[in-house]
Amino acid sequence: MKIVKAKLADSQNIAEMNFRLIRDEGHRNPMNQAQLTRRMKGWLKGDYRACLFQEQGKIIGYCLYRHDEGFAYIRHFFIERAYRKQGQGRKAFKLLLKDVWKGTGFLRLDVLLGNKTGIKFWKKVGFKEYSLTMERKKS
Ligand SMILES: CC(C)(COP(=O)(O)OP(=O)(O)OC[C@H]1O[C@@H](n2cnc3c(N)ncnc32)[C@H](O)[C@@H]1OP(=O)(O)O)[C@@H](O)C(=O)NCCC(=O)NCCS
């Protein structure tokens, strides 16, 4: 696997993967692909960076992250369905640790409580629960 730093021109491709990520993780975000592309462009023009996971010339996933004070914040992490449960996620994460987050003390991310696969994956690669986000409907 190769980790390729994404460019602004990759925004639409990444947003298409983001659309699938939203469904797979069970997020309630209702944005369509055009809206997700616009949002991704804004993020990449700002503080966020993205890396594409390339396997035999094909993009099989991505990670969106930003460097914060004292930690890197992982906003998105995605492996295409056809490539899951083959160790690709773990491989991509290891490469990011080695090449992209080498100077970072901590890594932080949010995972939906309903995303059991996501929780299992992150625990397998060494994450522990750190904080709990709470919400309620206003009325
Ligand atoms: C979570 C995700 C990135 C895992 O990617 P993957 O390539 O399938 O993961 P790997 O094959 O590298 O698995 C690594 C470990 O995670 C665990 N794991 C991965 N998928 C799992 C599943 N469906 N059920 C149980 N454990 C699972 C495995 O036990 C594995 O450990 P092992 O190597 O000791 O067996 C992938 O399922 C995905 O993109 N899901 C949708 C998006 C998402 O939820 N992202 C995280 C948002 S916070």
# chains A, B, ... in the order shown; residues from 1 in each chain; ligands from 1
>>> residues_around(residues="A:Leu132", least_positions_apart="2", cutoff="12 Å", atoms="only C-alpha atoms", output="ChimeraX atom specification")
/A:109-113,128-130,134-135
>>> residues_near_ligand(ligand="ligand 1", cutoff="10 Å", atoms="only C-alpha atoms and all ligand atoms", output="PyMOL selection string")
chain A and resi 17-18+20-27+60-63+74-94+109-125
>>> residues_around(residues="A:Phe71", least_positions_apart="5", cutoff="8 Å", atoms="only C-alpha atoms", output="ChimeraX atom specification")
/A:104-108
>>> residues_around(residues="A:Arg39", least_positions_apart="5", cutoff="9 Å", atoms="only C-alpha atoms", output="ChimeraX atom specification")
/A:11,15,34,44
>>> write_last_selection(atoms="N, CA and C atoms", output="CSV table (one decimal), in the first residue's frame")
chain,number,residue,atom,x,y,z
A,11,SER,N,-10.9,16.6,-4.2
A,11,SER,CA,-12.0,16.8,-3.3
A,11,SER,C,-13.3,16.0,-3.7
A,15,ALA,N,-15.0,13.2,-1.5
A,15,ALA,CA,-16.4,13.4,-1.1
A,15,ALA,C,-17.3,12.2,-1.4
A,34,ALA,N,-22.8,16.8,-3.9
A,34,ALA,CA,-22.3,18.2,-4.3
A,34,ALA,C,-22.0,19.0,-3.0
A,44,LEU,N,-10.1,21.2,2.9
A,44,LEU,CA,-8.7,21.1,2.4
A,44,LEU,C,-8.0,22.4,2.2
>>> select_by_dssp(residues="chain A", states="strand (DSSP E or B)", output="PyMOL selection string")
chain A and resi 2-5+49-55+58-68+71-79+106-109
>>> closest_residue(among="A:Ala72, A:Glu16, A:Phe127, A:Ala9", to="A:Lys102", atoms="only C-alpha atoms")
A:Ala72
>>> residues_around(residues="A:Tyr48", least_positions_apart="3", cutoff="10 Å", atoms="only C-alpha atoms", output="PyMOL selection string")
chain A and resi 40-45+64-67+73-75
>>> residues_around(residues="A:Phe19", least_positions_apart="4", cutoff="10 Å", atoms="only C-alpha atoms", output="NGL selection string")
:A and (14-15 or 23-24 or 29-33 or 36-37)
>>> select_by_dssp(residues="chain A", states="alpha helix (DSSP H)", output="ChimeraX atom specification")
/A:11-25,33-45,88-99,116-124
